[in-house]
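This is entry.txt. It holds compact mmCIF, C-alpha atoms and all ligand atoms.
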# COMPACT_ATOMS: atom_id res chain seq x y z
CA MET A 1 -67.82 -83.00 48.49
CA LEU A 2 -69.52 -80.57 46.10
CA ALA A 3 -66.98 -77.87 46.97
CA VAL A 4 -64.10 -80.29 46.23
CA MET A 5 -65.63 -81.20 42.84
CA ILE A 6 -66.14 -77.52 41.91
CA ARG A 7 -62.51 -76.75 42.87
CA PHE A 8 -61.31 -79.72 40.76
CA VAL A 9 -63.33 -78.67 37.68
CA ALA A 10 -62.12 -75.06 38.07
CA SER A 11 -58.46 -76.05 38.29
CA VAL A 12 -58.74 -78.38 35.25
CA THR A 13 -60.41 -75.58 33.25
CA LEU A 14 -57.64 -73.14 34.22
CA PHE A 15 -54.93 -75.63 33.24
CA VAL A 16 -56.50 -76.38 29.84
CA SER A 17 -56.92 -72.65 29.09
CA PHE A 18 -53.33 -71.90 30.01
CA ALA A 19 -52.02 -74.81 27.95
CA ALA A 20 -54.02 -73.58 24.96
CA LEU A 21 -52.64 -70.05 25.39
CA SER A 22 -49.06 -71.27 25.50
CA LEU A 23 -49.42 -73.33 22.30
CA PRO A 24 -48.06 -71.63 19.18
CA ALA A 25 -50.72 -70.74 16.57
CA GLN A 26 -50.66 -73.55 13.96
CA PRO A 27 -53.28 -73.09 11.30
CA PHE A 28 -51.76 -75.80 9.07
CA VAL A 29 -52.40 -79.49 9.76
CA SER A 30 -49.74 -82.16 9.47
CA LEU A 31 -50.65 -85.84 9.20
CA PRO A 32 -48.73 -88.54 11.09
CA ASP A 33 -45.98 -90.22 9.03
CA SER A 34 -47.47 -93.69 9.63
CA GLN A 35 -50.42 -92.75 7.39
CA ALA A 36 -48.18 -91.73 4.53
CA PRO A 37 -47.96 -93.72 1.32
CA ALA A 38 -44.56 -93.93 -0.39
CA LYS A 39 -43.08 -90.93 -2.22
CA ARG A 40 -42.87 -90.94 -5.98
CA PRO A 41 -39.84 -93.11 -6.73
CA ASP A 42 -39.47 -91.72 -10.26
CA ALA A 43 -38.75 -88.12 -9.21
CA PRO A 44 -35.51 -86.50 -7.97
CA GLN A 45 -35.41 -85.35 -4.33
CA LEU A 46 -34.95 -81.60 -4.76
CA ALA A 47 -35.12 -80.80 -1.02
CA PRO A 48 -36.20 -82.33 2.28
CA TYR A 49 -39.48 -81.14 3.81
CA VAL A 50 -38.93 -78.01 5.91
CA PRO A 51 -41.92 -75.66 5.97
CA THR A 52 -41.40 -71.93 5.50
CA PRO A 53 -42.57 -70.08 8.64
CA GLN A 54 -45.77 -68.10 8.07
CA ASP A 55 -44.15 -64.67 8.51
CA VAL A 56 -41.58 -65.60 5.85
CA VAL A 57 -44.37 -66.83 3.52
CA ASP A 58 -46.05 -63.41 3.93
CA ARG A 59 -42.80 -61.67 3.08
CA MET A 60 -42.20 -63.89 0.00
CA LEU A 61 -45.63 -63.01 -1.40
CA ALA A 62 -45.13 -59.31 -0.66
CA LEU A 63 -41.76 -59.43 -2.47
CA ALA A 64 -43.48 -61.09 -5.45
CA ASP A 65 -46.09 -58.30 -5.40
CA VAL A 66 -48.88 -60.86 -5.93
CA LYS A 67 -52.10 -59.49 -7.41
CA LYS A 68 -55.69 -60.73 -7.37
CA GLY A 69 -56.32 -63.38 -10.04
CA GLU A 70 -52.62 -64.08 -10.67
CA LEU A 71 -51.37 -67.67 -10.69
CA VAL A 72 -48.87 -68.51 -7.95
CA VAL A 73 -47.07 -71.86 -8.39
CA ASP A 74 -45.06 -73.39 -5.55
CA LEU A 75 -42.61 -76.05 -6.73
CA GLY A 76 -42.30 -78.47 -3.82
CA CYS A 77 -45.34 -77.10 -2.01
CA GLY A 78 -45.18 -79.06 1.25
CA ASP A 79 -48.41 -78.44 3.20
CA GLY A 80 -49.54 -75.86 0.65
CA ARG A 81 -49.07 -72.79 2.83
CA ILE A 82 -47.66 -70.56 0.05
CA PRO A 83 -50.46 -71.02 -2.56
CA ILE A 84 -53.07 -71.04 0.23
CA THR A 85 -51.78 -67.77 1.70
CA ALA A 86 -51.65 -66.23 -1.80
CA ALA A 87 -55.31 -67.15 -2.27
CA ARG A 88 -56.42 -66.10 1.20
CA LYS A 89 -54.57 -62.76 1.35
CA TYR A 90 -54.53 -61.65 -2.28
CA GLY A 91 -57.30 -63.57 -4.04
CA ALA A 92 -54.67 -65.18 -6.25
CA ARG A 93 -55.02 -68.61 -7.85
CA GLY A 94 -52.59 -71.18 -6.50
CA PHE A 95 -51.02 -74.38 -7.74
CA GLY A 96 -48.63 -76.56 -5.76
CA VAL A 97 -46.78 -79.74 -6.64
CA ASP A 98 -44.97 -82.16 -4.38
CA ILE A 99 -43.65 -85.71 -4.70
CA ASP A 100 -44.80 -86.64 -1.21
CA PRO A 101 -48.46 -87.83 -1.05
CA GLN A 102 -48.62 -86.96 2.66
CA ARG A 103 -47.84 -83.32 1.86
CA ILE A 104 -50.46 -83.22 -0.90
CA ALA A 105 -53.07 -84.66 1.50
CA GLU A 106 -52.16 -81.97 4.05
CA ALA A 107 -52.27 -79.23 1.41
CA ASN A 108 -55.76 -80.28 0.32
CA ALA A 109 -56.95 -80.40 3.95
CA ASN A 110 -55.44 -76.96 4.61
CA ALA A 111 -57.06 -75.47 1.50
CA LYS A 112 -60.41 -76.78 2.69
CA ALA A 113 -59.88 -75.39 6.20
CA ALA A 114 -58.92 -72.00 4.73
CA LYS A 115 -61.98 -72.10 2.41
CA VAL A 116 -59.88 -71.46 -0.71
CA GLU A 117 -60.44 -74.82 -2.46
CA HIS A 118 -61.99 -72.94 -5.39
CA LEU A 119 -58.73 -71.01 -5.89
CA VAL A 120 -55.99 -73.58 -5.26
CA THR A 121 -55.04 -77.00 -6.64
CA PHE A 122 -52.38 -79.44 -5.52
CA SER A 123 -50.87 -82.24 -7.52
CA LEU A 124 -48.58 -85.18 -6.77
CA GLN A 125 -45.97 -84.55 -9.42
CA ASP A 126 -42.33 -83.79 -10.08
CA ALA A 127 -41.43 -80.09 -10.09
CA MET A 128 -39.00 -80.81 -12.96
CA LYS A 129 -41.94 -81.94 -15.13
CA THR A 130 -44.36 -79.19 -14.14
CA ASP A 131 -45.65 -76.75 -16.73
CA VAL A 132 -45.16 -73.25 -15.30
CA SER A 133 -45.82 -71.35 -18.53
CA LYS A 134 -49.03 -69.80 -17.18
CA ALA A 135 -47.55 -68.79 -13.81
CA ASN A 136 -47.26 -65.15 -12.85
CA VAL A 137 -45.26 -66.09 -9.75
CA VAL A 138 -43.17 -69.17 -8.99
CA THR A 139 -41.92 -69.81 -5.48
CA THR A 140 -39.19 -72.22 -4.40
CA TYR A 141 -37.66 -73.41 -1.16
CA LEU A 142 -35.36 -75.97 -2.73
CA LEU A 143 -31.62 -76.63 -2.58
CA SER A 144 -29.28 -74.51 -4.74
CA ALA A 145 -28.39 -77.47 -6.98
CA SER A 146 -32.12 -78.11 -7.51
CA ASN A 147 -32.75 -74.46 -8.42
CA LEU A 148 -29.95 -74.77 -10.98
CA LYS A 149 -31.64 -77.85 -12.50
CA LEU A 150 -34.91 -75.91 -12.70
CA ARG A 151 -33.37 -72.70 -14.07
CA PRO A 152 -33.38 -73.59 -17.79
CA ILE A 153 -36.94 -74.95 -17.48
CA LEU A 154 -38.30 -71.89 -15.68
CA THR A 155 -36.51 -69.31 -17.83
CA LYS A 156 -37.67 -71.09 -21.00
CA GLN A 157 -41.32 -71.35 -19.93
CA LEU A 158 -42.04 -68.19 -17.95
CA ALA A 159 -43.41 -65.18 -19.77
CA PRO A 160 -41.39 -61.96 -19.47
CA GLY A 161 -42.46 -60.16 -16.31
CA ALA A 162 -43.24 -63.36 -14.35
CA ARG A 163 -41.56 -63.38 -10.95
CA ILE A 164 -39.64 -66.08 -9.12
CA VAL A 165 -39.16 -65.79 -5.38
CA ALA A 166 -36.60 -68.19 -3.91
CA HIS A 167 -36.35 -68.76 -0.17
CA SER A 168 -32.79 -69.09 1.19
CA PHE A 169 -31.30 -70.68 -1.95
CA SER A 170 -30.53 -68.59 -5.01
CA PHE A 171 -30.44 -69.47 -8.72
CA GLY A 172 -26.63 -69.45 -9.00
CA ASP A 173 -24.98 -66.76 -11.09
CA TRP A 174 -28.31 -65.28 -12.28
CA THR A 175 -28.23 -61.87 -10.58
CA PRO A 176 -31.48 -61.36 -8.62
CA ASP A 177 -33.55 -58.22 -9.26
CA LYS A 178 -33.94 -57.81 -5.52
CA VAL A 179 -32.60 -59.45 -2.35
CA ASP A 180 -34.56 -59.21 0.90
CA SER A 181 -32.59 -60.12 4.04
CA PHE A 182 -34.33 -59.85 7.38
CA THR A 183 -34.73 -61.42 10.80
CA ASP A 184 -37.85 -63.59 11.11
CA VAL A 185 -40.14 -63.70 14.17
CA GLU A 186 -38.03 -66.51 15.64
CA GLY A 187 -34.87 -64.39 15.37
CA ARG A 188 -33.39 -66.27 12.38
CA THR A 189 -31.83 -64.44 9.44
CA ARG A 190 -33.70 -65.15 6.21
CA THR A 191 -32.79 -64.22 2.66
CA LEU A 192 -35.26 -64.08 -0.22
CA TYR A 193 -34.29 -63.67 -3.88
CA LEU A 194 -36.56 -62.07 -6.45
CA TYR A 195 -35.97 -62.79 -10.15
CA ILE A 196 -38.01 -61.28 -12.94
CA ALA A 197 -38.19 -63.35 -16.13
CA ASP A 198 -37.01 -61.42 -19.19
CA GLY A 199 -37.44 -64.02 -21.93
CA LYS A 200 -33.77 -65.02 -21.87
CA VAL A 201 -33.19 -68.75 -21.35
CA ARG A 202 -30.56 -69.35 -18.68
CA GLN A 203 -28.84 -72.76 -18.63
C1 LIG A 301 -38.15 -77.26 1.89
S1 LIG A 301 -39.73 -77.99 1.54
C2 LIG A 301 -40.65 -76.54 1.11
C3 LIG A 301 -42.14 -76.68 1.35
C4 LIG A 301 -42.95 -75.41 1.01
N1 LIG A 301 -42.64 -74.93 -0.31
C5 LIG A 301 -42.66 -74.32 1.99
O1 LIG A 301 -41.89 -73.40 1.64
O2 LIG A 301 -43.21 -74.36 3.12
C6 LIG A 301 -39.40 -78.78 -0.04
C7 LIG A 301 -40.51 -79.65 -0.56
O3 LIG A 301 -40.16 -80.06 -1.88
C8 LIG A 301 -40.66 -81.37 -2.09
N2 LIG A 301 -39.92 -81.98 -3.21
C9 LIG A 301 -38.69 -82.53 -3.22
N3 LIG A 301 -38.37 -82.96 -4.45
C10 LIG A 301 -39.42 -82.66 -5.27
C11 LIG A 301 -39.70 -82.85 -6.65
N4 LIG A 301 -38.84 -83.47 -7.48
N5 LIG A 301 -40.88 -82.39 -7.14
C12 LIG A 301 -41.78 -81.80 -6.32
N6 LIG A 301 -41.58 -81.61 -4.99
C13 LIG A 301 -40.40 -82.03 -4.47
C14 LIG A 301 -40.45 -82.05 -0.75
O4 LIG A 301 -41.30 -83.19 -0.63
C15 LIG A 301 -40.80 -80.90 0.22
O5 LIG A 301 -42.15 -80.94 0.59
Spell out the structure here as structure tokens.
Amino acid sequence: MLAVMIRFVASVTLFVSFAALSLPAQPFVSLPDSQAPAKRPDAPQLAPYVPTPQDVVDRMLALADVKKGELVVDLGCGDGRIPITAARKYGARGFGVDIDPQRIAEANANAKAAKVEHLVTFSLQDAMKTDVSKANVVTTYLLSASNLKLRPILTKQLAPGARIVAHSFSFGDWTPDKVDSFTDVEGRTRTLYLYIADGKVRQ
């Protein structure tokens, strides 16, 4: 009987360990939809929620050449992974806005788990009404039409030298300073666009 029990415990342990090994690493929490309060009805939907994979986040921040103490603002921040990574890897300050309260709750939980709460802040607000004048870096993963709506706001507010890194969707006929096309760890082609503000307002 004892031998049977030992064999059972051993096989359960082996199964659990194997299952854990085969799970993909997921450092960011996501809360079930049923717990989510309604989105802000007063704000335009600039993009659906699709998180940027972590390797692409790393590449976005490298393209932006983020430095310690700089302010990185993610417009439509989802679970906060871009500002949190900027804080964790570079010691940058981060600010993220989203119109979905569930995403803001996740971002706050993720900042706590990453121990960067002192460096990052998240706010339930419309990207179109967000003050980015103090940002050194702005990141977006929004639809092209949304980037075009934001373009006059960003180019008016950002100080010359501030960088914008856009994932997948460009800012229309504004020629990027750099384009980074690569294959991500899942084998998908990704394109990132780097724009450097020059003080010229672009409609
Ligand atoms: C494609 S996801 C990108 C999430 C995150 N930036 C990332 O790259 O992992 C776009 C996000 O923008 C948010 N969003 C849509 N419209 C918005 C608005 N008007 N203001 C702020 N956030 C918005 C969505 O709720 C969603 O979380």
- Message: If the limit is 8 Å from any atom of ligand LIG 301 (chain A), counting all atoms listed in the file, which residues qualify? Return them as a count of residues only.
- Response: 37
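Going from CA of His118 in chain A to CA of Ala64 in chain A covers 22.0 Å.
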- Item | Close residues, Lys200 in chain A itself excluded, 12 Å, all atoms listed in the file, min 4 positions apart in chain, as a ChimeraX atom specification | /A:151-161,174,196
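The residue that comes closest to Arg88 in chain A, out of A:Leu71, A:Val116, A:Leu61, A:Ala105 and on the basis of all atoms listed in the file, is A:Val116.
Between CA of Asp42 in chain A and CA of Asp131 in chain A lies a distance of 17.4 Å.
Between CA of Asp177 in chain A and CA of Leu148 in chain A there is a distance of 17.0 Å.
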- Task: Return the single residue from A:Leu150, A:Met60, A:Ala87, A:Ala92 that is closest to Asn110 in chain A, with distances computed using all atoms listed in the file.
- Result: A:Ala87
